[in-house]
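Heads up, my_file.csv below (CSV, C-alpha atoms and all ligand atoms):
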```
chain,number,residue,atom,x,y,z
B,10,MET,CA,0.0,0.0,0.0
B,11,ARG,CA,1.1,3.5,-0.7
B,12,VAL,CA,-0.1,5.7,2.2
B,13,LEU,CA,-0.3,9.5,2.7
B,14,VAL,CA,-0.2,10.7,6.3
B,15,THR,CA,-1.1,14.4,6.7
B,16,GLY,CA,0.3,15.8,10.0
B,17,GLY,CA,2.8,12.9,9.9
B,18,ALA,CA,5.5,14.8,11.8
B,19,GLY,CA,3.3,15.4,14.8
B,20,PHE,CA,2.9,13.3,18.0
B,21,LEU,CA,0.4,10.8,16.7
B,22,GLY,CA,1.4,11.0,13.0
B,23,SER,CA,5.0,10.1,13.7
B,24,HIS,CA,3.9,6.9,15.6
B,25,LEU,CA,1.5,6.1,12.8
B,26,CYS,CA,4.2,6.5,10.1
B,27,GLU,CA,6.5,4.2,12.1
B,28,ARG,CA,3.8,1.5,12.4
B,29,LEU,CA,2.9,1.7,8.7
B,30,LEU,CA,6.6,1.3,7.6
B,31,GLU,CA,7.1,-1.6,10.0
B,32,ARG,CA,4.4,-3.5,8.2
B,33,GLY,CA,5.8,-2.8,4.8
B,34,ASP,CA,3.7,0.1,3.6
B,35,GLU,CA,5.2,3.0,1.6
B,36,VAL,CA,4.6,6.3,3.5
B,37,ILE,CA,4.4,9.9,2.3
B,38,CYS,CA,4.4,12.1,5.3
B,39,LEU,CA,3.0,15.6,4.7
B,40,ASP,CA,3.4,18.3,7.3
B,41,ASN,CA,3.9,22.1,7.6
B,42,TYR,CA,5.8,21.7,10.9
B,43,PHE,CA,3.4,24.0,12.8
B,44,THR,CA,3.4,21.7,15.8
B,45,GLY,CA,5.3,18.8,14.2
B,46,ARG,CA,9.0,18.3,14.5
B,47,LYS,CA,11.6,16.9,12.1
B,48,ARG,CA,13.1,15.0,15.1
B,49,ASN,CA,9.9,13.0,15.5
B,50,ILE,CA,10.5,11.4,12.1
B,51,GLY,CA,14.3,11.8,12.0
B,52,HIS,CA,14.8,8.1,12.5
B,53,LEU,CA,12.5,7.3,9.6
B,54,ARG,CA,14.2,9.5,7.0
B,55,SER,CA,16.7,7.0,5.8
B,56,HIS,CA,14.0,4.3,5.4
B,57,PRO,CA,13.6,3.5,1.7
B,58,LEU,CA,9.8,3.5,1.8
B,59,PHE,CA,9.6,6.8,3.6
B,60,GLU,CA,9.2,10.3,2.0
B,61,MET,CA,8.7,13.6,3.6
B,62,VAL,CA,6.9,16.6,2.0
B,63,ARG,CA,6.6,20.1,3.5
B,64,HIS,CA,3.2,21.3,2.6
B,65,ASP,CA,0.1,23.0,4.1
B,66,VAL,CA,-3.1,21.1,3.8
B,67,VAL,CA,-5.0,24.3,3.3
B,68,ASP,CA,-3.5,24.3,-0.2
B,69,PRO,CA,-4.5,21.5,-2.6
B,70,PHE,CA,-2.1,18.5,-3.0
B,71,LYS,CA,-1.9,15.5,-5.3
B,72,PHE,CA,-0.3,12.1,-4.8
B,73,GLU,CA,-1.0,8.7,-6.2
B,74,VAL,CA,-1.9,6.8,-3.1
B,75,ASP,CA,-4.1,3.9,-2.0
B,76,ARG,CA,-4.9,5.3,1.5
B,77,ILE,CA,-4.9,8.6,3.3
B,78,PHE,CA,-4.8,9.3,7.0
B,79,ASN,CA,-5.8,12.9,7.7
B,80,LEU,CA,-4.2,14.0,11.0
B,81,ALA,CA,-3.0,17.5,10.1
B,82,CYS,CA,-4.4,19.9,12.8
B,83,PRO,CA,-2.9,21.3,16.0
B,84,ALA,CA,-4.4,19.4,18.9
B,85,SER,CA,-3.4,21.2,22.0
B,86,PRO,CA,-5.7,24.1,23.1
B,87,VAL,CA,-2.7,26.4,23.4
B,88,HIS,CA,-1.7,25.8,19.8
B,89,TYR,CA,-5.1,25.6,18.2
B,90,GLN,CA,-6.2,28.9,19.9
B,91,HIS,CA,-3.0,30.6,18.8
B,92,ASN,CA,-4.5,31.3,15.3
B,93,PRO,CA,-8.1,30.1,15.5
B,94,ILE,CA,-9.0,31.1,12.0
B,95,LYS,CA,-6.1,29.1,10.6
B,96,THR,CA,-7.3,26.1,12.8
B,97,VAL,CA,-10.7,26.2,11.2
B,98,LYS,CA,-9.1,26.4,7.7
B,99,THR,CA,-6.8,23.5,8.5
B,100,SER,CA,-9.7,21.3,9.6
B,101,VAL,CA,-12.2,22.3,6.9
B,102,MET,CA,-9.9,23.0,3.9
B,103,GLY,CA,-7.6,20.2,4.9
B,104,ALA,CA,-10.6,17.8,4.9
B,105,ILE,CA,-11.9,19.1,1.5
B,106,ASN,CA,-8.4,18.8,0.0
B,107,SER,CA,-7.8,15.3,1.4
B,108,LEU,CA,-11.3,14.1,0.4
B,109,GLY,CA,-10.9,15.6,-3.1
B,110,LEU,CA,-7.7,13.6,-3.5
B,111,ALA,CA,-9.3,10.4,-2.1
B,112,LYS,CA,-12.2,10.8,-4.6
B,113,ARG,CA,-9.8,11.4,-7.6
B,114,VAL,CA,-7.4,8.5,-6.9
B,115,ASN,CA,-10.1,6.2,-5.3
B,116,ALA,CA,-8.3,6.0,-2.0
B,117,ARG,CA,-9.7,5.0,1.4
B,118,ILE,CA,-9.5,7.9,3.7
B,119,PHE,CA,-9.3,8.2,7.5
B,120,GLN,CA,-10.2,11.2,9.6
B,121,ALA,CA,-8.7,11.9,13.0
B,122,SER,CA,-11.7,13.4,14.7
B,123,THR,CA,-12.0,14.0,18.4
B,124,SER,CA,-13.9,13.6,21.6
B,125,GLU,CA,-14.2,17.4,21.4
B,126,VAL,CA,-17.1,17.0,19.0
B,127,TYR,CA,-19.0,16.1,22.2
B,128,GLY,CA,-18.0,19.5,23.7
B,129,ASP,CA,-18.7,19.8,27.4
B,130,PRO,CA,-20.9,16.7,27.5
B,131,THR,CA,-24.2,16.5,29.2
B,132,VAL,CA,-24.3,12.7,28.7
B,133,HIS,CA,-21.6,10.7,30.5
B,134,PRO,CA,-19.8,8.6,29.5
B,135,GLN,CA,-20.1,9.4,25.8
B,136,PRO,CA,-21.4,6.9,23.1
B,137,GLU,CA,-20.9,7.7,19.4
B,138,SER,CA,-24.6,8.4,19.1
B,139,TYR,CA,-24.3,11.5,21.5
B,140,ARG,CA,-24.6,14.6,19.4
B,141,GLY,CA,-22.6,16.8,21.8
B,142,ASN,CA,-22.8,20.1,23.6
B,143,VAL,CA,-20.4,22.5,21.8
B,144,ASN,CA,-20.3,26.3,22.3
B,145,PRO,CA,-20.1,27.4,18.7
B,146,ILE,CA,-18.7,30.9,19.6
B,147,GLY,CA,-16.3,30.1,22.4
B,148,PRO,CA,-12.5,29.9,22.3
B,149,ARG,CA,-12.5,26.1,21.7
B,150,ALA,CA,-15.0,26.4,18.8
B,151,CYS,CA,-12.3,26.8,16.1
B,152,TYR,CA,-11.2,23.3,16.9
B,153,ASP,CA,-14.5,21.6,17.9
B,154,GLU,CA,-16.6,23.1,15.1
B,155,GLY,CA,-13.8,22.6,12.6
B,156,LYS,CA,-13.6,18.9,13.5
B,157,ARG,CA,-17.4,18.7,13.4
B,158,CYS,CA,-17.5,20.2,9.9
B,159,ALA,CA,-14.8,17.9,8.8
B,160,GLU,CA,-16.9,14.9,9.9
B,161,THR,CA,-19.8,16.4,8.0
B,162,LEU,CA,-17.6,16.6,4.9
B,163,PHE,CA,-16.5,13.0,5.3
B,164,PHE,CA,-20.0,11.7,5.4
B,165,ASP,CA,-21.1,13.9,2.5
B,166,TYR,CA,-18.3,12.8,0.3
B,167,HIS,CA,-19.2,9.2,1.3
B,168,ARG,CA,-22.9,9.6,0.4
B,169,GLN,CA,-22.5,11.8,-2.6
B,170,ASN,CA,-19.3,10.4,-4.2
B,171,GLY,CA,-19.0,7.0,-2.7
B,172,VAL,CA,-15.7,7.8,-1.1
B,173,GLU,CA,-14.6,5.0,1.4
B,174,ILE,CA,-14.3,6.8,4.7
B,175,ARG,CA,-13.2,5.8,8.2
B,176,VAL,CA,-13.7,8.3,11.1
B,177,VAL,CA,-12.2,7.9,14.5
B,178,ARG,CA,-13.1,10.1,17.6
B,179,ILE,CA,-9.9,10.2,19.6
B,180,PHE,CA,-10.0,10.7,23.4
B,181,ASN,CA,-7.0,12.3,25.2
B,182,THR,CA,-3.9,10.4,24.2
B,183,TYR,CA,-0.4,10.7,25.6
B,184,GLY,CA,3.1,9.3,25.1
B,185,PRO,CA,6.6,9.9,23.8
B,186,ARG,CA,7.0,12.7,21.2
B,187,MET,CA,4.5,15.1,22.7
B,188,LEU,CA,6.1,18.5,22.7
B,189,PRO,CA,7.5,19.6,26.1
B,190,ASN,CA,5.7,23.0,25.5
B,191,ASP,CA,2.6,21.3,24.0
B,192,GLY,CA,0.4,22.7,26.8
B,193,ARG,CA,-1.6,19.5,27.2
B,194,VAL,CA,-2.0,18.2,30.7
B,195,VAL,CA,0.2,15.1,30.6
B,196,SER,CA,3.2,16.8,29.1
B,197,ASN,CA,2.8,19.9,31.3
B,198,PHE,CA,2.7,17.9,34.5
B,199,ILE,CA,5.7,15.7,33.6
B,200,VAL,CA,7.9,18.5,32.4
B,201,GLN,CA,7.0,20.6,35.5
B,202,ALA,CA,7.7,17.7,37.8
B,203,LEU,CA,11.0,16.8,36.1
B,204,GLN,CA,12.1,20.5,36.3
B,205,GLY,CA,11.1,20.8,39.9
B,206,GLN,CA,8.5,23.5,39.1
B,207,ASP,CA,5.0,23.8,40.7
B,208,ILE,CA,2.3,21.6,39.0
B,209,THR,CA,-0.4,23.8,37.5
B,210,ILE,CA,-3.9,22.5,38.2
B,211,TYR,CA,-6.5,24.5,36.3
B,212,GLY,CA,-9.6,25.0,38.4
B,213,ASP,CA,-10.1,22.6,41.4
B,214,GLY,CA,-8.7,19.6,39.5
B,215,GLN,CA,-12.0,17.7,39.9
B,216,GLN,CA,-12.6,17.7,36.1
B,217,THR,CA,-11.9,14.3,34.5
B,218,ARG,CA,-10.2,12.9,31.5
B,219,SER,CA,-9.6,9.3,30.3
B,220,PHE,CA,-6.0,8.9,29.0
B,221,CYS,CA,-5.0,6.5,26.3
B,222,TYR,CA,-1.4,5.5,25.6
B,223,VAL,CA,-0.3,6.2,22.0
B,224,ASP,CA,0.5,2.6,21.1
B,225,ASP,CA,-3.0,1.5,21.9
B,226,LEU,CA,-4.5,4.3,19.9
B,227,ILE,CA,-2.4,3.6,16.8
B,228,GLU,CA,-3.5,-0.1,16.9
B,229,GLY,CA,-7.1,1.1,17.0
B,230,PHE,CA,-6.4,3.4,13.9
B,231,LEU,CA,-5.1,0.5,11.9
B,232,ARG,CA,-7.9,-1.9,12.9
B,233,LEU,CA,-10.5,0.7,11.8
B,234,MET,CA,-8.7,1.4,8.5
B,235,ASP,CA,-8.1,-2.2,7.6
B,236,GLN,CA,-11.6,-3.6,8.1
B,237,ASP,CA,-14.4,-3.4,5.5
B,238,GLU,CA,-17.5,-3.3,7.6
B,239,ILE,CA,-17.9,0.1,9.3
B,240,THR,CA,-17.2,3.7,8.5
B,241,GLY,CA,-17.4,4.9,12.1
B,242,PRO,CA,-17.4,7.3,13.8
B,243,VAL,CA,-15.8,5.1,16.4
B,244,ASN,CA,-14.6,6.2,19.8
B,245,ILE,CA,-11.0,5.2,20.5
B,246,GLY,CA,-9.7,5.9,23.9
B,247,ASN,CA,-9.1,4.4,27.3
B,248,PRO,CA,-12.3,4.3,29.4
B,249,ASN,CA,-10.5,4.6,32.8
B,250,GLU,CA,-11.4,8.0,34.0
B,251,PHE,CA,-9.2,10.1,36.3
B,252,THR,CA,-9.5,13.5,37.9
B,253,ILE,CA,-6.8,16.0,36.9
B,254,ARG,CA,-5.7,16.1,40.6
B,255,GLU,CA,-5.3,12.3,40.6
B,256,LEU,CA,-3.2,12.6,37.5
B,257,ALA,CA,-1.0,15.2,39.1
B,258,GLU,CA,-0.5,13.0,42.2
B,259,LEU,CA,0.5,10.0,40.1
B,260,VAL,CA,3.0,12.1,38.2
B,261,ILE,CA,4.5,13.3,41.4
B,262,GLU,CA,4.7,9.7,42.7
B,263,LEU,CA,6.3,8.3,39.5
B,264,THR,CA,8.8,11.1,39.1
B,265,GLY,CA,9.7,11.2,42.8
B,266,CYS,CA,9.7,14.9,42.5
B,267,GLN,CA,9.1,17.5,45.3
B,268,SER,CA,6.8,19.7,43.2
B,269,LYS,CA,3.8,21.4,44.9
B,270,LEU,CA,0.3,21.5,43.3
B,271,ILE,CA,-0.9,25.1,42.6
B,272,GLN,CA,-4.2,26.2,41.3
B,273,GLN,CA,-4.7,28.4,38.2
B,274,PRO,CA,-8.0,29.6,36.6
B,275,LEU,CA,-10.0,27.1,34.7
B,276,PRO,CA,-10.0,28.0,31.0
B,277,ALA,CA,-13.3,29.0,29.4
B,278,ASP,CA,-15.5,26.0,28.1
B,279,ASP,CA,-13.1,23.5,29.6
B,280,PRO,CA,-15.1,20.2,29.7
B,281,MET,CA,-15.8,18.9,33.2
B,282,GLN,CA,-15.9,15.2,32.3
B,283,ARG,CA,-14.8,13.0,29.5
B,284,GLN,CA,-14.9,9.2,29.2
B,285,PRO,CA,-15.5,7.1,26.1
B,286,ILE,CA,-17.9,4.2,25.7
B,287,ILE,CA,-15.9,1.9,23.5
B,288,ASP,CA,-18.4,-0.9,22.8
B,289,VAL,CA,-18.3,-0.3,19.1
B,290,ALA,CA,-14.5,-0.6,19.0
B,291,ARG,CA,-14.7,-3.7,21.1
B,292,GLU,CA,-17.4,-5.4,19.0
B,293,LYS,CA,-16.5,-4.3,15.5
B,294,LEU,CA,-12.7,-3.9,15.8
B,295,GLY,CA,-11.9,-6.4,18.6
B,296,TRP,CA,-10.0,-3.4,20.1
B,297,GLU,CA,-9.5,-2.3,23.6
B,298,PRO,CA,-6.6,-0.5,25.3
B,299,LYS,CA,-3.9,-2.6,27.0
B,300,VAL,CA,-1.6,-0.1,28.6
B,301,GLN,CA,-2.7,1.2,32.0
B,302,LEU,CA,-2.0,4.8,33.0
B,303,ARG,CA,0.8,4.0,35.4
B,304,GLU,CA,2.7,2.0,32.8
B,305,GLY,CA,2.2,4.5,30.0
B,306,LEU,CA,3.2,7.4,32.3
B,307,GLU,CA,6.4,5.6,33.2
B,308,LYS,CA,7.4,5.3,29.5
B,309,THR,CA,6.4,8.9,28.9
B,310,ILE,CA,8.4,10.2,31.9
B,311,ALA,CA,11.4,8.2,30.6
B,312,TYR,CA,11.1,9.9,27.2
B,313,PHE,CA,10.9,13.4,28.7
B,314,ARG,CA,13.8,12.7,31.1
B,315,ASP,CA,16.0,11.9,28.1
B,316,LEU,CA,14.8,14.8,26.1
B,317,LEU,CA,15.3,17.4,28.9
B,318,SER,CA,18.7,16.1,29.7
B,319,GLU,CA,19.7,16.3,26.0
B,320,GLU,CA,18.5,19.9,25.9
B,321,SER,CA,20.2,21.0,29.1
B,401,LIG,P1,0.2,17.4,16.9
B,401,LIG,O1,0.0,18.8,17.0
B,401,LIG,O2,1.4,16.8,17.5
B,401,LIG,O3,0.2,17.0,15.3
B,401,LIG,C1,-0.5,17.7,14.3
B,401,LIG,C2,0.4,17.7,13.1
B,401,LIG,O4,-0.3,18.4,12.1
B,401,LIG,C3,1.7,18.5,13.4
B,401,LIG,O5,2.8,17.8,12.8
B,401,LIG,C4,1.5,19.8,12.6
B,401,LIG,O6,2.7,20.4,12.2
B,401,LIG,C5,0.6,19.4,11.5
B,401,LIG,N1,-0.2,20.5,10.9
B,401,LIG,C6,-0.9,21.4,11.6
B,401,LIG,N2,-1.5,22.2,10.8
B,401,LIG,C7,-1.1,21.8,9.5
B,401,LIG,C8,-1.4,22.3,8.2
B,401,LIG,N3,-2.2,23.4,8.0
B,401,LIG,N4,-0.9,21.7,7.1
B,401,LIG,C9,-0.1,20.6,7.3
B,401,LIG,N5,0.3,20.1,8.5
B,401,LIG,C10,-0.3,20.7,9.6
B,401,LIG,O7,-1.1,16.7,17.4
B,401,LIG,P2,-1.5,15.2,17.6
B,401,LIG,O8,-1.8,15.0,19.0
B,401,LIG,O9,-0.5,14.3,16.9
B,401,LIG,O10,-2.9,15.1,16.9
B,401,LIG,C11,-3.0,14.5,15.6
B,401,LIG,C12,-4.5,14.5,15.1
B,401,LIG,O11,-5.2,13.8,16.1
B,401,LIG,C13,-5.0,15.9,15.1
B,401,LIG,O12,-5.9,16.0,14.0
B,401,LIG,C14,-5.8,16.0,16.4
B,401,LIG,O13,-6.9,16.9,16.2
B,401,LIG,C15,-6.3,14.6,16.6
B,401,LIG,N6,-6.6,14.3,18.0
B,401,LIG,C16,-5.5,14.1,18.9
B,401,LIG,C17,-5.8,13.9,20.2
B,401,LIG,C18,-4.7,13.7,21.2
B,401,LIG,O14,-5.0,13.4,22.4
B,401,LIG,N7,-3.5,13.6,20.9
B,401,LIG,C19,-7.1,13.9,20.6
B,401,LIG,C20,-8.1,14.1,19.7
B,401,LIG,C21,-7.8,14.3,18.4
B,402,LIG,N1,-5.0,21.1,32.6
B,402,LIG,C1,-4.4,21.5,33.9
B,402,LIG,N2,-3.1,21.9,33.9
B,402,LIG,C2,-2.4,22.1,32.8
B,402,LIG,C3,-2.9,21.7,31.6
B,402,LIG,C4,-4.2,21.3,31.5
B,402,LIG,O1,-5.1,21.3,34.9
B,402,LIG,O2,-1.2,22.5,33.0
B,402,LIG,C5,-6.3,20.6,32.6
B,402,LIG,C6,-7.2,21.3,31.6
B,402,LIG,O3,-7.9,22.5,32.2
B,402,LIG,C7,-8.2,20.2,31.3
B,402,LIG,C8,-7.4,19.0,31.4
B,402,LIG,O4,-6.3,19.3,32.2
B,402,LIG,O5,-9.3,20.2,32.2
B,402,LIG,C9,-7.0,18.4,30.0
B,402,LIG,O6,-6.4,19.4,29.3
B,402,LIG,P1,-5.7,19.2,27.9
B,402,LIG,O7,-5.3,20.6,27.4
B,402,LIG,O8,-4.6,18.2,28.0
B,402,LIG,O9,-6.8,18.6,27.0
B,402,LIG,P2,-8.3,18.8,26.7
B,402,LIG,O10,-8.8,19.9,27.6
B,402,LIG,O11,-8.4,19.2,25.3
B,402,LIG,O12,-9.0,17.5,27.0
```
Give the structure from the file, written as structure tokens.
Amino acid sequence: MRVLVTGGAGFLGSHLCERLLERGDEVICLDNYFTGRKRNIGHLRSHPLFEMVRHDVVDPFKFEVDRIFNLACPASPVHYQHNPIKTVKTSVMGAINSLGLAKRVNARIFQASTSEVYGDPTVHPQPESYRGNVNPIGPRACYDEGKRCAETLFFDYHRQNGVEIRVVRIFNTYGPRMLPNDGRVVSNFIVQALQGQDITIYGDGQQTRSFCYVDDLIEGFLRLMDQDEITGPVNIGNPNEFTIRELAELVIELTGCQSKLIQQPLPADDPMQRQPIIDVAREKLGWEPKVQLREGLEKTIAYFRDLLSEES
């Protein structure tokens, strides 16, 4: 298979490129390096089946491929709110350009959607049938509504043009190759702990998230893309739910650091709870996460320890 991965130099994209190469696929990695890094894919660059293209998904692109994974989009609130108009364009134009290519070359196409399509959910935990509670004019809307519109485009291209689509709704995922300044909670807490800084809890820390280790997530991506039965959307995430305070305490324990917990204001529209129902993934894909938070955090802490010692 010849596979295009947009956003391939990012956190998830680089792990996906690696898995695809391992199983013998040819990979074209397209990225504008907004939040991606060359070092994420540095170890792949000499691979004979790997090719890197610097390009922005807002502008059309053309490749002869069998499959497309569309991951290009900043995922951390800090980054997607930096230039919200660009975030909407990346999601919407990126989806149109990727779908246009899929239609032209008859490729199966995968969309990295998000649990953010559920907004601040009033139904808990969240099944795929839940239609969400998104504030369309808030600071997170550029991401949430951009992703919702991308899902709409995927299903319209499917109905109108017969494009073969696969849509995954990703819940909070963590692991090696997150950026140290990414702004997301797992990388923030680990970097703060390793640097002996205070750990910043936004609000009272009673809000919850369910954290999935990156290797589990990528396995879910491949199972969805490789099967012929369902289009999705499918929730992929770890259903074990933790409060943000519990996460902070676990990071302190595992790093052995002396950091204190400090409170900072809760950002606007920050969802209070998030937990996937993964019955569809279990039944249709035979998928469920294997890596528990403690084990995944240990691997992620080891990654950041090495990275920070290289940089110092
Ligand atoms: P990331 O920021 O590490 O990766 C995104 C990649 O897309 C980066 O390499 C970035 O440079 C690239 N990119 C951004 N805008 C682009 C543009 N206009 N043109 C070309 N490339 C562009 O984030 P990630 O965590 O790897 O997320 C990957 C995808 O998964 C995103 O679509 C994100 O919305 C989705 N997702 C991730 C999570 C998570 O917890 N990691 C949760 C839900 C959804
Ligand atoms: N958060 C926090 N401290 C931080 C970063 C994030 O308490 O340094 C909180 C944030 O307010 C949210 C949760 O952790 O409630 C997850 O935030 P993240 O940005 O990782 O992802 P998202 O909100 O998109 O799920």
What residues have any atom no more than 6 Å from ligand LIG 401 (chain B) when counting only C-alpha atoms and all ligand atoms, and can you list them as an MDAnalysis selection string?
chainID B and resid 16:22 40:45 64:67 80:84 99 121:123 179:182
At a cut-off of 9 Å and counting only C-alpha atoms and all ligand atoms, what residues surround ligand LIG 402 (chain B)? Please answer as a count of residues only.
47
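Restricting the calculation to all atoms listed in the file, the smallest distance between Met187 (chain B) and any of B:Leu108, B:Val101, B:Ile310, B:Val74 is found for B:Ile310.
You will find CA of Val223 (chain B) at 13.6 Å from CA of Arg303 (chain B).
Reported to one decimal place, the separation of CA of Val177 (chain B) from CA of Pro242 (chain B) is 5.3 Å.
Closest approach to Ser318 (chain B) among B:Met61, B:Val200, B:Leu233, B:Ala150 is made by B:Val200 (distances from only C-alpha atoms).
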List as a PyMOL selection string the protein and nucleic acid residues near Asp278 (chain B), meaning an atom at most 10 Å away when all atoms listed in the file are counted, but skip any in the same chain fewer than 4 places from it.
chain B and resi 128-129+143-144+147-150
To one decimal place in Å, what is the distance between CA of Asn49 (chain B) and CA of Ala116 (chain B)?
26.2 Å
Excluding Phe313 (chain B) and any residue of its chain fewer than 6 positions from it, enumerate the residues within 10 Å of it, using all atoms listed in the file, and give them as a PDB file with C-alpha atoms, in the coordinates of the input.
```
ATOM      1  CA  GLY B 184       3.100   9.300  25.100  1.00  0.00           C
ATOM      2  CA  PRO B 185       6.600   9.900  23.800  1.00  0.00           C
ATOM      3  CA  ARG B 186       7.000  12.700  21.200  1.00  0.00           C
ATOM      4  CA  MET B 187       4.500  15.100  22.700  1.00  0.00           C
ATOM      5  CA  LEU B 188       6.100  18.500  22.700  1.00  0.00           C
ATOM      6  CA  PRO B 189       7.500  19.600  26.100  1.00  0.00           C
ATOM      7  CA  SER B 196       3.200  16.800  29.100  1.00  0.00           C
ATOM      8  CA  ILE B 199       5.700  15.700  33.600  1.00  0.00           C
ATOM      9  CA  VAL B 200       7.900  18.500  32.400  1.00  0.00           C
ATOM     10  CA  LEU B 203      11.000  16.800  36.100  1.00  0.00           C
ATOM     11  CA  GLU B 319      19.700  16.300  26.000  1.00  0.00           C
TER      12      GLU B 319
END
```
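Residue nearest Gln236 (chain B) within the list B:Asp207, B:Asp165, B:Leu259, B:Arg175: B:Arg175 [criterion: smallest interatomic distance, all atoms listed in the file].
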Could you tell me, as a list in words, which residues have any atom at most 7 Å from (-10.5, 21.8, 13.0), counting only C-alpha atoms?
Cys82, Thr96, Val97, Thr99, Ser100, Val101, Cys151, Tyr152, Asp153, Glu154, Gly155 and Lys156 of chain B
Expected residue set, 12 Å radius at (-19.5, 10.0, 0.1), all atoms listed in the file, as a CSV table (one decimal) with C-alpha atoms, in the frame of the given file:
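In the end it all went to out_13.csv:
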```
chain,number,residue,atom,x,y,z
B,105,ILE,CA,-11.9,19.1,1.5
B,108,LEU,CA,-11.3,14.1,0.4
B,109,GLY,CA,-10.9,15.6,-3.1
B,111,ALA,CA,-9.3,10.4,-2.1
B,112,LYS,CA,-12.2,10.8,-4.6
B,115,ASN,CA,-10.1,6.2,-5.3
B,117,ARG,CA,-9.7,5.0,1.4
B,118,ILE,CA,-9.5,7.9,3.7
B,160,GLU,CA,-16.9,14.9,9.9
B,161,THR,CA,-19.8,16.4,8.0
B,162,LEU,CA,-17.6,16.6,4.9
B,163,PHE,CA,-16.5,13.0,5.3
B,164,PHE,CA,-20.0,11.7,5.4
B,165,ASP,CA,-21.1,13.9,2.5
B,166,TYR,CA,-18.3,12.8,0.3
B,167,HIS,CA,-19.2,9.2,1.3
B,168,ARG,CA,-22.9,9.6,0.4
B,169,GLN,CA,-22.5,11.8,-2.6
B,170,ASN,CA,-19.3,10.4,-4.2
B,171,GLY,CA,-19.0,7.0,-2.7
B,172,VAL,CA,-15.7,7.8,-1.1
B,173,GLU,CA,-14.6,5.0,1.4
B,174,ILE,CA,-14.3,6.8,4.7
B,175,ARG,CA,-13.2,5.8,8.2
B,240,THR,CA,-17.2,3.7,8.5
```
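Taking all atoms listed in the file into account, Lys299 (chain B) lies nearest to B:Asn247 out of the set B:Gln267, B:Gln206, B:Gln284, B:Asn247.
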Compile the contact shell of Glu307 (chain B) as JSON, numbers by chain: residues with an atom at most 9 Å away, counting only C-alpha atoms, same-chain residues fewer than 4 positions apart removed.
{"B": [260, 263, 264, 302, 303, 311, 312]}
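Nearest to Arg54 (chain B) of all the residues B:Glu255, B:Ser23, B:Asn79, B:Gly33 is B:Ser23, based on all atoms listed in the file.
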Using the structure just given, write a file holding N, CA and C atoms for region 283-295 of chain B, as a CSV table (one decimal), in the first residue's frame.
```csv
chain,number,residue,atom,x,y,z
B,283,ARG,N,-14.9,13.6,30.8
B,283,ARG,CA,-14.8,13.0,29.5
B,283,ARG,C,-14.4,11.6,29.7
B,284,GLN,N,-15.2,10.7,29.1
B,284,GLN,CA,-14.9,9.2,29.2
B,284,GLN,C,-15.6,8.5,28.0
B,285,PRO,N,-14.9,7.8,27.2
B,285,PRO,CA,-15.5,7.1,26.1
B,285,PRO,C,-16.2,5.9,26.4
B,286,ILE,N,-17.3,5.6,25.7
B,286,ILE,CA,-17.9,4.2,25.7
B,286,ILE,C,-17.2,3.6,24.5
B,287,ILE,N,-16.6,2.4,24.6
B,287,ILE,CA,-15.9,1.9,23.5
B,287,ILE,C,-16.5,0.5,23.0
B,288,ASP,N,-17.8,0.4,23.3
B,288,ASP,CA,-18.4,-0.9,22.8
B,288,ASP,C,-18.3,-1.1,21.4
B,289,VAL,N,-18.4,-0.1,20.5
B,289,VAL,CA,-18.3,-0.3,19.1
B,289,VAL,C,-16.9,-0.8,18.7
B,290,ALA,N,-15.9,-0.1,19.3
B,290,ALA,CA,-14.5,-0.6,19.0
B,290,ALA,C,-14.3,-2.0,19.5
B,291,ARG,N,-14.8,-2.3,20.6
B,291,ARG,CA,-14.7,-3.7,21.1
B,291,ARG,C,-15.3,-4.7,20.2
B,292,GLU,N,-16.6,-4.4,19.8
B,292,GLU,CA,-17.4,-5.4,19.0
B,292,GLU,C,-17.0,-5.5,17.6
B,293,LYS,N,-16.7,-4.3,17.0
B,293,LYS,CA,-16.5,-4.3,15.5
B,293,LYS,C,-15.0,-4.4,15.2
B,294,LEU,N,-14.1,-3.9,16.1
B,294,LEU,CA,-12.7,-3.9,15.8
B,294,LEU,C,-11.9,-4.9,16.6
B,295,GLY,N,-12.6,-5.5,17.6
B,295,GLY,CA,-11.9,-6.4,18.6
B,295,GLY,C,-10.8,-5.6,19.3
```
